[in-house]
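Colleague: Just passing along the structure, written as structure tokens.
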Amino acid sequence: MAIPTLGVLSLLNNLLNQKELLTMLTSKPRRGGAAKPARLGDGRRDDGGGATAVLWGTDAEPAAGPAAADAAKTLNIALLQGFVASLLMLAGSVGVGWLAGSSALIRNPLFILARTSPAGVITATVMLCFGALLLVRSWLRLAQRIGQWDSSAHPILIKALLLWGLPLALALPLFSRDVYAYIGQGRLMVQGLNPYTNGISALNNYYSLGPDTLWTEAPTPYGPLFLWIEQFAVWVGFGVPELSIIPFRLVALAGVALCAIFIPKLAAVHGINPQRALWLMVLNPVLLLNFIASAHNDSLMLGLVVAGVYCASTRKPWLAIVLVTASIAVKPITLIALPFVGLLWAGSKAGWGRKVWCWLLTALVSFGLLWICGLANGLGFGWIGALNTPGKLWIWYAPVGTTGAVLGWLADQIGVSGDIVTNVVHLIGKALSVAVVVWLAVRRVDGPAYGAVVVRRMAWAFAAVVLLAPMIQPWYMLWLLAFFAVTGIEATWQLRTVLCLTTFFTLIALTDQLSVFQWIPIAIVRGVAIAVGVSFALHMIFIDRKTKGVFGRPTALLWPPAAKDAAAEGSGAPGSAQGAAAQRSGTQSSAAQRSVAQRFRWLRR
């Protein structure tokens, strides 16, 4: 960051001395009380209980007295633990966070101590890894202690987002140095070079910027809007990398804010509890680490597309197209969303003629806007040719990537070009992903919950593109999770999968990219990171009595034993005739007996 770390620590100390923050940390969250029903996008009403029929639990005030005070105290402990976890990662970033080679911060005594000696680097690594896994634990404990997932939970979740996100926003870039690639691409723009045909190596002394070697020769795979953001960040940073990081962090925070606003709104439209969706997606440690600490442009991309899908789901098609197009102009992967926006525009009763018309109009408006942007920057649709840049790599936990590497190695053993075999496997994966997206878009939608089914299929479309790619980055998980969360995740193997993937990708981030000088053995540092991270994760899953049951029985997170889940879904479809009848009759006993797996049965029609 542009702020020297000593200054950052001083700033945090001053913040902690402020009355407002102390009040935030020590005040008891507002609990209980019947929430005022909120208007859903389709005219139905929902009071935050996650169902459009009868809410789970009762409308009675929660018990007062010592039990309520203890619950509030435990909840504040979870909030404070997450804040401490983020502070630990902030401190760890001093030793292993990413700095440009030309950074003046390296001459700071604190940075010298933390980065140039094995003891300093290992200490920073331990703080970073312990803090990251403590954040995962705090995330789980927060869900356990929320209690009623009604509107009273919303300020608690927002408080957690602010407390946990603030220290990460002040840290050096962690887990990725893509932000330095953004700076290099912005310099290409400032110097009048075409980033769609030139890599960062076209710049003088480019290595001092600190980007990954992937970007030295690779073209920029981002859209015109993000190129302008990169150019602006370099311009306001006066060529100083630390100053240029600040605009990228602000842009990433704007993306997180969009997610925090529109994820709950979109969930409520589809009859899903907005507070649970907010906790599951926006407070997810993978999002906090990769969108705030790493400052990835995926944050703005995802925030814009979620906002666009919300507008499409609430009958604002033109605004939806503009927002989704803006997302494409950041990172073109969200082209996937366009056909589904067209389906939402067409409506549930549309025939093929109207669907095709809405698809064509959506595409014409979107690509027309992109053409105007390309005309304005003089680069046209150059980003199309650069889309393959991330696909040239593979990683071991990507099924297609591993399959291609293994078959390529076997081909080399028998005298066949392994590179050709690997490339063919990767090409097959991409072709299959395109076929799946097309199939999901054109397949007929049945059932009463038309909008939710369309958004769910869009989630599967993103899943196909990610799972069939040779390279899967940890933050790609968030592309899927956003739209699965707003259409409902069963508190069975589905939620368990989210918890396991969150833990896994947190560990991957900790052990993948650490900034360590060449004279310090990276193998030892990475071994320490693996030991600390894996030990904490295993303790949390199998030993910690507060959290070990969560991974085996994830319903404990969302349906506390003290409260009965009386949510009625009728036939399982929000807004169905049966659900409305159950709401009118107030019948709760039959709904309480339904299995959680039936809750979203309609999504699989």
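In the structure tokens, the first chain shown is A, the next is B, and so on; residue numbers restart at 1 for each chain, and ligands run from 1 in the order shown.
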What's around segment 531-538 of chain A at 8 Å? Count only C-alpha atoms, leave out sequence neighbours fewer than 2 positions away in its own chain, and write the answer as a list in words.
Modeller: Val126, Cys129, Phe130, Leu133, Thr503, Leu507, Leu510, Gly527, Val528, Ala529, Met540, Ile541, Phe542 and Ile543 of chain A
Colleague: Tell me which protein, DNA and RNA residues are within 9 Å of Pro274 of chain A, counting only C-alpha atoms, leaving out same-chain ones fewer than 3 positions away, and put them as a VMD selection string.
Modeller: chain A and resid 48 to 50 149 to 151 154 263 to 268 271 277 to 279 486
Colleague: Using DSSP on the backbone coordinates, identify all residues within segment 47-226 of chain A classified as alpha helix (DSSP H); present the result as a compact mmCIF listing (two decimals) with N, CA and C atoms, in the first residue's frame.
Modeller:
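File written: part_34.txt
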# COMPACT_ATOMS: atom_id res chain seq x y z
N PRO A 66 -30.26 -13.40 31.58
CA PRO A 66 -28.88 -13.89 31.45
C PRO A 66 -28.63 -14.67 30.16
N ALA A 67 -29.60 -15.49 29.72
CA ALA A 67 -29.37 -16.29 28.51
C ALA A 67 -29.17 -15.39 27.30
N ALA A 68 -30.00 -14.36 27.16
CA ALA A 68 -29.87 -13.44 26.04
C ALA A 68 -28.55 -12.67 26.12
N ALA A 69 -28.16 -12.27 27.34
CA ALA A 69 -26.90 -11.55 27.50
C ALA A 69 -25.72 -12.43 27.13
N ASP A 70 -25.76 -13.70 27.53
CA ASP A 70 -24.68 -14.62 27.18
C ASP A 70 -24.60 -14.83 25.67
N ALA A 71 -25.76 -14.94 25.02
CA ALA A 71 -25.78 -15.12 23.57
C ALA A 71 -25.17 -13.91 22.87
N ALA A 72 -25.54 -12.71 23.32
CA ALA A 72 -24.99 -11.49 22.72
C ALA A 72 -23.49 -11.40 22.95
N LYS A 73 -23.03 -11.81 24.13
CA LYS A 73 -21.60 -11.78 24.44
C LYS A 73 -20.85 -12.74 23.52
N THR A 74 -21.38 -13.93 23.32
CA THR A 74 -20.74 -14.91 22.46
C THR A 74 -20.69 -14.41 21.02
N LEU A 75 -21.75 -13.75 20.59
CA LEU A 75 -21.77 -13.19 19.25
C LEU A 75 -20.70 -12.12 19.08
N ASN A 76 -20.55 -11.28 20.07
CA ASN A 76 -19.52 -10.25 20.00
C ASN A 76 -18.12 -10.85 20.00
N ILE A 77 -17.95 -11.98 20.69
CA ILE A 77 -16.65 -12.66 20.67
C ILE A 77 -16.32 -13.12 19.25
N ALA A 78 -17.32 -13.66 18.53
CA ALA A 78 -17.10 -14.08 17.15
C ALA A 78 -16.72 -12.89 16.27
N LEU A 79 -17.39 -11.76 16.46
CA LEU A 79 -17.05 -10.56 15.70
C LEU A 79 -15.63 -10.10 16.01
N LEU A 80 -15.28 -10.09 17.29
CA LEU A 80 -13.96 -9.63 17.69
C LEU A 80 -12.87 -10.58 17.22
N GLN A 81 -13.13 -11.89 17.25
CA GLN A 81 -12.13 -12.85 16.77
C GLN A 81 -11.84 -12.63 15.29
N GLY A 82 -12.88 -12.37 14.50
CA GLY A 82 -12.65 -12.09 13.09
C GLY A 82 -11.84 -10.82 12.87
N PHE A 83 -12.08 -9.82 13.72
CA PHE A 83 -11.31 -8.58 13.62
C PHE A 83 -9.84 -8.83 13.97
N VAL A 84 -9.60 -9.61 15.01
CA VAL A 84 -8.23 -9.96 15.39
C VAL A 84 -7.56 -10.77 14.27
N ALA A 85 -8.33 -11.68 13.66
CA ALA A 85 -7.79 -12.47 12.56
C ALA A 85 -7.32 -11.58 11.41
N SER A 86 -8.11 -10.58 11.07
CA SER A 86 -7.73 -9.66 9.99
C SER A 86 -6.52 -8.82 10.38
N LEU A 87 -6.44 -8.43 11.66
CA LEU A 87 -5.26 -7.69 12.13
C LEU A 87 -4.00 -8.54 12.02
N LEU A 88 -4.11 -9.83 12.33
CA LEU A 88 -2.97 -10.73 12.18
C LEU A 88 -2.52 -10.82 10.73
N MET A 89 -3.47 -10.88 9.81
CA MET A 89 -3.10 -10.92 8.40
C MET A 89 -2.48 -9.60 7.94
N LEU A 90 -2.99 -8.48 8.47
CA LEU A 90 -2.38 -7.19 8.18
C LEU A 90 -0.92 -7.17 8.63
N ALA A 91 -0.68 -7.66 9.84
CA ALA A 91 0.70 -7.70 10.35
C ALA A 91 1.55 -8.67 9.52
N GLY A 92 0.98 -9.81 9.15
CA GLY A 92 1.72 -10.78 8.35
C GLY A 92 2.08 -10.25 6.98
N SER A 93 1.23 -9.36 6.44
CA SER A 93 1.52 -8.82 5.11
C SER A 93 2.81 -8.00 5.08
N VAL A 94 3.23 -7.49 6.22
CA VAL A 94 4.48 -6.73 6.28
C VAL A 94 5.66 -7.63 5.87
N GLY A 95 5.59 -8.92 6.24
CA GLY A 95 6.70 -9.81 5.96
C GLY A 95 6.59 -10.58 4.66
N VAL A 96 5.36 -10.95 4.25
CA VAL A 96 5.22 -11.79 3.06
C VAL A 96 4.21 -11.26 2.05
N PRO A 109 12.74 0.38 8.36
CA PRO A 109 13.35 -0.59 9.28
C PRO A 109 12.43 -1.76 9.62
N LEU A 110 11.13 -1.50 9.78
CA LEU A 110 10.21 -2.58 10.10
C LEU A 110 10.14 -3.59 8.96
N PHE A 111 10.11 -3.12 7.71
CA PHE A 111 10.08 -4.01 6.56
C PHE A 111 11.39 -4.77 6.43
N ILE A 112 12.48 -4.11 6.71
CA ILE A 112 13.78 -4.78 6.65
C ILE A 112 13.82 -5.94 7.64
N LEU A 113 13.34 -5.68 8.86
CA LEU A 113 13.34 -6.72 9.90
C LEU A 113 12.42 -7.87 9.52
N ALA A 114 11.26 -7.56 8.95
CA ALA A 114 10.26 -8.59 8.68
C ALA A 114 10.53 -9.38 7.41
N ARG A 115 11.27 -8.80 6.46
CA ARG A 115 11.38 -9.43 5.14
C ARG A 115 12.76 -9.98 4.81
N PRO A 118 15.17 -14.87 8.02
CA PRO A 118 14.28 -16.04 8.10
C PRO A 118 13.31 -15.97 9.27
N ALA A 119 13.79 -15.48 10.41
CA ALA A 119 12.93 -15.41 11.58
C ALA A 119 11.76 -14.46 11.34
N GLY A 120 12.04 -13.31 10.74
CA GLY A 120 10.98 -12.35 10.47
C GLY A 120 9.97 -12.88 9.47
N VAL A 121 10.45 -13.53 8.41
CA VAL A 121 9.55 -14.06 7.38
C VAL A 121 8.68 -15.18 7.95
N ILE A 122 9.27 -16.07 8.74
CA ILE A 122 8.52 -17.18 9.31
C ILE A 122 7.48 -16.67 10.31
N THR A 123 7.86 -15.68 11.10
CA THR A 123 6.90 -15.08 12.04
C THR A 123 5.72 -14.48 11.30
N ALA A 124 6.02 -13.75 10.22
CA ALA A 124 4.94 -13.15 9.42
C ALA A 124 4.07 -14.23 8.80
N THR A 125 4.67 -15.32 8.35
CA THR A 125 3.91 -16.42 7.74
C THR A 125 2.98 -17.06 8.75
N VAL A 126 3.46 -17.27 9.96
CA VAL A 126 2.63 -17.87 11.01
C VAL A 126 1.44 -16.96 11.32
N MET A 127 1.68 -15.66 11.46
CA MET A 127 0.58 -14.73 11.74
C MET A 127 -0.43 -14.74 10.61
N LEU A 128 0.06 -14.75 9.37
CA LEU A 128 -0.83 -14.73 8.22
C LEU A 128 -1.71 -15.97 8.18
N CYS A 129 -1.09 -17.14 8.34
CA CYS A 129 -1.83 -18.40 8.23
C CYS A 129 -2.78 -18.60 9.41
N PHE A 130 -2.30 -18.30 10.60
CA PHE A 130 -3.17 -18.43 11.77
C PHE A 130 -4.35 -17.48 11.65
N GLY A 131 -4.09 -16.25 11.20
CA GLY A 131 -5.17 -15.27 11.05
C GLY A 131 -6.20 -15.70 10.02
N ALA A 132 -5.76 -16.25 8.90
CA ALA A 132 -6.69 -16.66 7.85
C ALA A 132 -7.62 -17.77 8.33
N LEU A 133 -7.07 -18.78 9.01
CA LEU A 133 -7.91 -19.88 9.51
C LEU A 133 -8.77 -19.43 10.69
N LEU A 134 -8.27 -18.49 11.49
CA LEU A 134 -9.10 -17.93 12.55
C LEU A 134 -10.29 -17.18 11.96
N LEU A 135 -10.08 -16.56 10.80
CA LEU A 135 -11.18 -15.88 10.13
C LEU A 135 -12.24 -16.89 9.68
N VAL A 136 -11.80 -18.04 9.16
CA VAL A 136 -12.76 -19.09 8.78
C VAL A 136 -13.56 -19.53 10.00
N ARG A 137 -12.86 -19.74 11.12
CA ARG A 137 -13.56 -20.16 12.34
C ARG A 137 -14.54 -19.09 12.81
N SER A 138 -14.14 -17.83 12.73
CA SER A 138 -15.03 -16.74 13.15
C SER A 138 -16.27 -16.69 12.27
N TRP A 139 -16.08 -16.96 10.99
CA TRP A 139 -17.21 -16.99 10.05
C TRP A 139 -18.22 -18.07 10.46
N LEU A 140 -17.71 -19.23 10.81
CA LEU A 140 -18.59 -20.32 11.25
C LEU A 140 -19.27 -19.99 12.58
N ARG A 141 -18.51 -19.47 13.53
CA ARG A 141 -19.07 -19.16 14.84
C ARG A 141 -20.11 -18.05 14.76
N LEU A 142 -19.90 -17.10 13.85
CA LEU A 142 -20.89 -16.04 13.68
C LEU A 142 -22.23 -16.63 13.26
N ALA A 143 -22.20 -17.56 12.31
CA ALA A 143 -23.45 -18.18 11.86
C ALA A 143 -24.11 -18.98 12.98
N GLN A 144 -23.29 -19.61 13.81
CA GLN A 144 -23.85 -20.38 14.92
C GLN A 144 -24.54 -19.50 15.95
N ARG A 145 -24.08 -18.27 16.10
CA ARG A 145 -24.57 -17.42 17.18
C ARG A 145 -25.58 -16.37 16.74
N ILE A 146 -25.87 -16.30 15.44
CA ILE A 146 -26.83 -15.30 14.96
C ILE A 146 -28.19 -15.52 15.60
N HIS A 154 -29.23 -8.48 9.96
CA HIS A 154 -28.54 -7.74 8.90
C HIS A 154 -27.48 -6.78 9.44
N PRO A 155 -27.79 -5.91 10.43
CA PRO A 155 -26.73 -5.01 10.94
C PRO A 155 -25.57 -5.76 11.56
N ILE A 156 -25.82 -6.94 12.13
CA ILE A 156 -24.72 -7.73 12.69
C ILE A 156 -23.78 -8.19 11.59
N LEU A 157 -24.35 -8.64 10.49
CA LEU A 157 -23.54 -9.12 9.38
C LEU A 157 -22.76 -7.98 8.72
N ILE A 158 -23.39 -6.83 8.61
CA ILE A 158 -22.70 -5.67 8.04
C ILE A 158 -21.57 -5.22 8.97
N LYS A 159 -21.83 -5.27 10.27
CA LYS A 159 -20.77 -4.93 11.23
C LYS A 159 -19.58 -5.87 11.07
N ALA A 160 -19.87 -7.15 10.90
CA ALA A 160 -18.79 -8.13 10.69
C ALA A 160 -18.01 -7.82 9.42
N LEU A 161 -18.72 -7.47 8.35
CA LEU A 161 -18.05 -7.15 7.08
C LEU A 161 -17.11 -5.96 7.25
N LEU A 162 -17.56 -4.94 7.97
CA LEU A 162 -16.71 -3.76 8.18
C LEU A 162 -15.51 -4.08 9.06
N LEU A 163 -15.75 -4.78 10.17
CA LEU A 163 -14.67 -5.09 11.10
C LEU A 163 -13.63 -6.01 10.47
N TRP A 164 -14.08 -6.99 9.74
CA TRP A 164 -13.16 -7.96 9.16
C TRP A 164 -12.49 -7.44 7.89
N GLY A 165 -13.18 -6.56 7.18
CA GLY A 165 -12.63 -6.08 5.92
C GLY A 165 -11.67 -4.92 6.06
N LEU A 166 -11.84 -4.07 7.10
CA LEU A 166 -11.01 -2.88 7.23
C LEU A 166 -9.51 -3.20 7.31
N PRO A 167 -9.07 -4.10 8.20
CA PRO A 167 -7.62 -4.37 8.24
C PRO A 167 -7.09 -4.94 6.92
N LEU A 168 -7.88 -5.77 6.25
CA LEU A 168 -7.43 -6.35 4.98
C LEU A 168 -7.30 -5.28 3.91
N ALA A 169 -8.12 -4.25 3.99
CA ALA A 169 -8.04 -3.16 3.02
C ALA A 169 -6.77 -2.33 3.21
N LEU A 170 -6.16 -2.41 4.39
CA LEU A 170 -4.94 -1.65 4.68
C LEU A 170 -3.67 -2.48 4.51
N ASP A 178 -1.47 -9.86 -8.87
CA ASP A 178 -2.14 -9.39 -10.07
C ASP A 178 -2.31 -7.88 -10.09
N VAL A 179 -2.41 -7.28 -8.90
CA VAL A 179 -2.60 -5.83 -8.86
C VAL A 179 -1.41 -5.12 -9.49
N TYR A 180 -0.21 -5.71 -9.42
CA TYR A 180 0.96 -5.09 -10.07
C TYR A 180 0.90 -5.29 -11.58
N ALA A 181 0.26 -6.38 -12.02
CA ALA A 181 0.01 -6.53 -13.46
C ALA A 181 -0.97 -5.46 -13.93
N TYR A 182 -1.97 -5.15 -13.11
CA TYR A 182 -2.91 -4.08 -13.46
C TYR A 182 -2.16 -2.75 -13.65
N ILE A 183 -1.21 -2.50 -12.76
CA ILE A 183 -0.44 -1.25 -12.85
C ILE A 183 0.37 -1.24 -14.14
N GLY A 184 0.99 -2.38 -14.48
CA GLY A 184 1.75 -2.46 -15.72
C GLY A 184 0.88 -2.24 -16.94
N GLN A 185 -0.30 -2.83 -16.94
CA GLN A 185 -1.22 -2.65 -18.07
C GLN A 185 -1.70 -1.20 -18.13
N GLY A 186 -1.88 -0.56 -16.98
CA GLY A 186 -2.24 0.85 -16.97
C GLY A 186 -1.13 1.71 -17.56
N ARG A 187 0.12 1.33 -17.30
CA ARG A 187 1.24 2.09 -17.88
C ARG A 187 1.29 1.92 -19.40
N LEU A 188 0.94 0.74 -19.87
CA LEU A 188 0.85 0.56 -21.32
C LEU A 188 -0.15 1.54 -21.91
N MET A 189 -1.29 1.69 -21.25
CA MET A 189 -2.31 2.63 -21.73
C MET A 189 -1.80 4.07 -21.68
N VAL A 190 -1.14 4.44 -20.59
CA VAL A 190 -0.63 5.79 -20.44
C VAL A 190 0.39 6.12 -21.53
N LEU A 214 3.92 -14.37 -15.75
CA LEU A 214 2.86 -14.70 -16.70
C LEU A 214 2.50 -13.51 -17.57
N TRP A 215 2.54 -12.32 -16.98
CA TRP A 215 2.06 -11.14 -17.69
C TRP A 215 3.14 -10.41 -18.48
N THR A 216 4.36 -10.90 -18.45
CA THR A 216 5.43 -10.19 -19.15
C THR A 216 5.23 -10.18 -20.66
N GLU A 217 4.74 -11.29 -21.20
CA GLU A 217 4.52 -11.39 -22.64
C GLU A 217 3.05 -11.55 -23.00
N PRO A 224 -12.69 -2.98 -21.83
CA PRO A 224 -12.30 -1.56 -21.93
C PRO A 224 -12.54 -0.76 -20.66
N LEU A 225 -13.58 -1.09 -19.89
CA LEU A 225 -13.83 -0.33 -18.66
C LEU A 225 -12.67 -0.51 -17.69
N PHE A 226 -12.19 -1.74 -17.55
CA PHE A 226 -11.10 -1.93 -16.60
C PHE A 226 -9.79 -1.34 -17.12
Colleague: Might you pull out every residue within 12 Å of Ala431 of chain A, with only C-alpha atoms counted and same-chain residues fewer than 6 positions away left off, and present them as a list in words?
Modeller: Val400, Val424, Val425, Val437, Val438, Ala464, Val465, Leu468 and Ala469 of chain A
Colleague: Please, could you write that set of residues out with C-alpha atoms as a PDB file, in the first residue's frame?
Modeller:
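What ended up in out13.pdb:
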ATOM      1  CA  VAL A 400      -9.287 -30.945 -16.977  1.00  0.00           C
ATOM      2  CA  VAL A 424      -6.409 -31.102 -27.280  1.00  0.00           C
ATOM      3  CA  VAL A 425      -7.703 -32.093 -23.819  1.00  0.00           C
ATOM      4  CA  VAL A 437     -23.905 -23.135 -21.423  1.00  0.00           C
ATOM      5  CA  VAL A 438     -25.892 -23.248 -24.673  1.00  0.00           C
ATOM      6  CA  ALA A 464     -19.425 -25.655 -16.186  1.00  0.00           C
ATOM      7  CA  VAL A 465     -17.007 -22.987 -17.418  1.00  0.00           C
ATOM      8  CA  LEU A 468     -14.062 -27.642 -17.380  1.00  0.00           C
ATOM      9  CA  ALA A 469     -11.211 -25.119 -17.445  1.00  0.00           C
TER      10      ALA A 469
END
Colleague: For segment 313-326 of chain A, list every protein, DNA or RNA residue within 8 Å, evaluated using only C-alpha atoms, and leave out those in the same chain fewer than 6 positions away; present the list as an mmCIF file with C-alpha atoms, in the first residue's frame.
Modeller:
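Everything below was put into result17.cif:
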data_model
loop_
_atom_site.group_PDB
_atom_site.id
_atom_site.type_symbol
_atom_site.label_atom_id
_atom_site.label_comp_id
_atom_site.auth_asym_id
_atom_site.auth_seq_id
_atom_site.Cartn_x
_atom_site.Cartn_y
_atom_site.Cartn_z
ATOM 1 C CA GLY A 41 -39.499 -8.178 -6.221
ATOM 2 C CA ASP A 42 -42.425 -10.177 -7.575
ATOM 3 C CA LEU A 225 -13.828 -0.334 -18.663
ATOM 4 C CA LEU A 266 -31.696 -11.049 -5.229
ATOM 5 C CA VAL A 269 -36.718 -12.005 -4.852
ATOM 6 C CA MET A 301 -17.006 -7.783 -12.203
ATOM 7 C CA LEU A 304 -21.897 -5.501 -11.424
ATOM 8 C CA VAL A 305 -23.256 -8.763 -12.800
ATOM 9 C CA ALA A 307 -26.690 -6.057 -9.701
ATOM 10 C CA THR A 334 -19.640 -12.618 -17.637
ATOM 11 C CA ALA A 337 -24.882 -14.057 -18.130
ATOM 12 C CA LEU A 338 -26.277 -12.388 -21.284
ATOM 13 C CA VAL A 341 -30.704 -11.994 -18.799
ATOM 14 C CA LEU A 344 -35.506 -13.212 -17.571
ATOM 15 C CA TRP A 345 -36.573 -10.379 -19.860
ATOM 16 C CA THR A 362 -29.890 -8.139 -25.427
ATOM 17 C CA VAL A 365 -27.522 -3.544 -27.004
ATOM 18 C CA SER A 366 -24.648 -5.109 -25.061
ATOM 19 C CA PHE A 367 -22.251 -5.408 -27.982
ATOM 20 C CA LEU A 369 -22.201 -0.504 -25.868
ATOM 21 C CA LEU A 370 -18.945 -2.459 -26.008
ATOM 22 C CA GLY A 451 -36.878 -16.576 -12.415
#
Colleague: Calculated over only C-alpha atoms, which of the candidates A:Gly223, A:Pro339, A:Gly447, A:Gly353 has the smallest distance to Leu379 of chain A?
Modeller: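 Smallest distance to Leu379 of chain A is found for A:Gly223.
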Colleague: By how many Å are atom CA of Ala257 of chain A and atom CA of Leu287 of chain A apart?
Modeller: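 Answer for the atom CA of Ala257 of chain A to atom CA of Leu287 of chain A separation: 11.9 Å.
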Colleague: For Leu467 of chain A, list every protein, DNA or RNA residue within 9 Å, evaluated using only C-alpha atoms, and leave out those in the same chain fewer than 4 positions away; present the list as a ChimeraX atom specification.
Modeller: /A:398-400,429,433,462-463,471-472
Colleague: Which residue gives the smallest distance to Trp352 of chain A among A:Gln413, A:Leu387, A:Arg444, A:Val434, with only C-alpha atoms counted?
Modeller: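 Checking each candidate against Trp352 of chain A, we get A:Arg444 as the closest.
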Colleague: For each of A:Val550, A:Tyr222, A:Arg496, A:Ile395, take the minimum atom-to-atom distance to Asp512 of chain A, counting only C-alpha atoms, then give the residue where this is smallest.
Modeller: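 Counting only C-alpha atoms, the residue closest to Asp512 of chain A is A:Ile395.
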Colleague: Please, what distance in Å, to one decimal, runs between atom CA of Cys373 of chain A and atom CA of Ala218 of chain A?
Modeller: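 One can read the atom CA of Cys373 of chain A to atom CA of Ala218 of chain A distance as 22.2 Å.
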Colleague: A:Asn377, A:Ser176, A:Gln275, A:Thr403: which is nearest Val421 of chain A, counting only C-alpha atoms?
Modeller: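 Between A:Asn377, A:Ser176, A:Gln275, A:Thr403, the residue approaching Val421 of chain A most closely is A:Thr403.
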Colleague: Near segment 103-105 of chain A, within 8 Å and counting only C-alpha atoms, which residues show up once chain neighbours fewer than 3 positions away are dropped, as a list of chain:residue names?
Modeller: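 Surrounding residues, per the criterion: A:Pro4, A:Leu99, A:Ala100, A:Asn108, A:Phe111, A:Pro241, A:Glu242.
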Colleague: Write the selection just made, keeping C-alpha atoms, as an mmCIF file, in the first residue's frame?
Modeller:
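Saved as selection_0.cif:
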data_model
loop_
_atom_site.group_PDB
_atom_site.id
_atom_site.type_symbol
_atom_site.label_atom_id
_atom_site.label_comp_id
_atom_site.auth_asym_id
_atom_site.auth_seq_id
_atom_site.Cartn_x
_atom_site.Cartn_y
_atom_site.Cartn_z
ATOM 1 C CA PRO A 4 3.897 2.901 5.112
ATOM 2 C CA LEU A 99 5.799 -5.227 -2.911
ATOM 3 C CA ALA A 100 7.073 -3.799 -6.183
ATOM 4 C CA ASN A 108 11.729 1.049 6.199
ATOM 5 C CA PHE A 111 10.080 -4.008 6.560
ATOM 6 C CA PRO A 241 3.191 1.508 -7.398
ATOM 7 C CA GLU A 242 2.066 1.891 -3.787
#
Colleague: Got a sec: who's within 6 Å of segment 490-494 of chain A, counting only C-alpha atoms, leaving out chain neighbours fewer than 3 positions off, as number ranges by chain?
Modeller: A: 497, 554-555
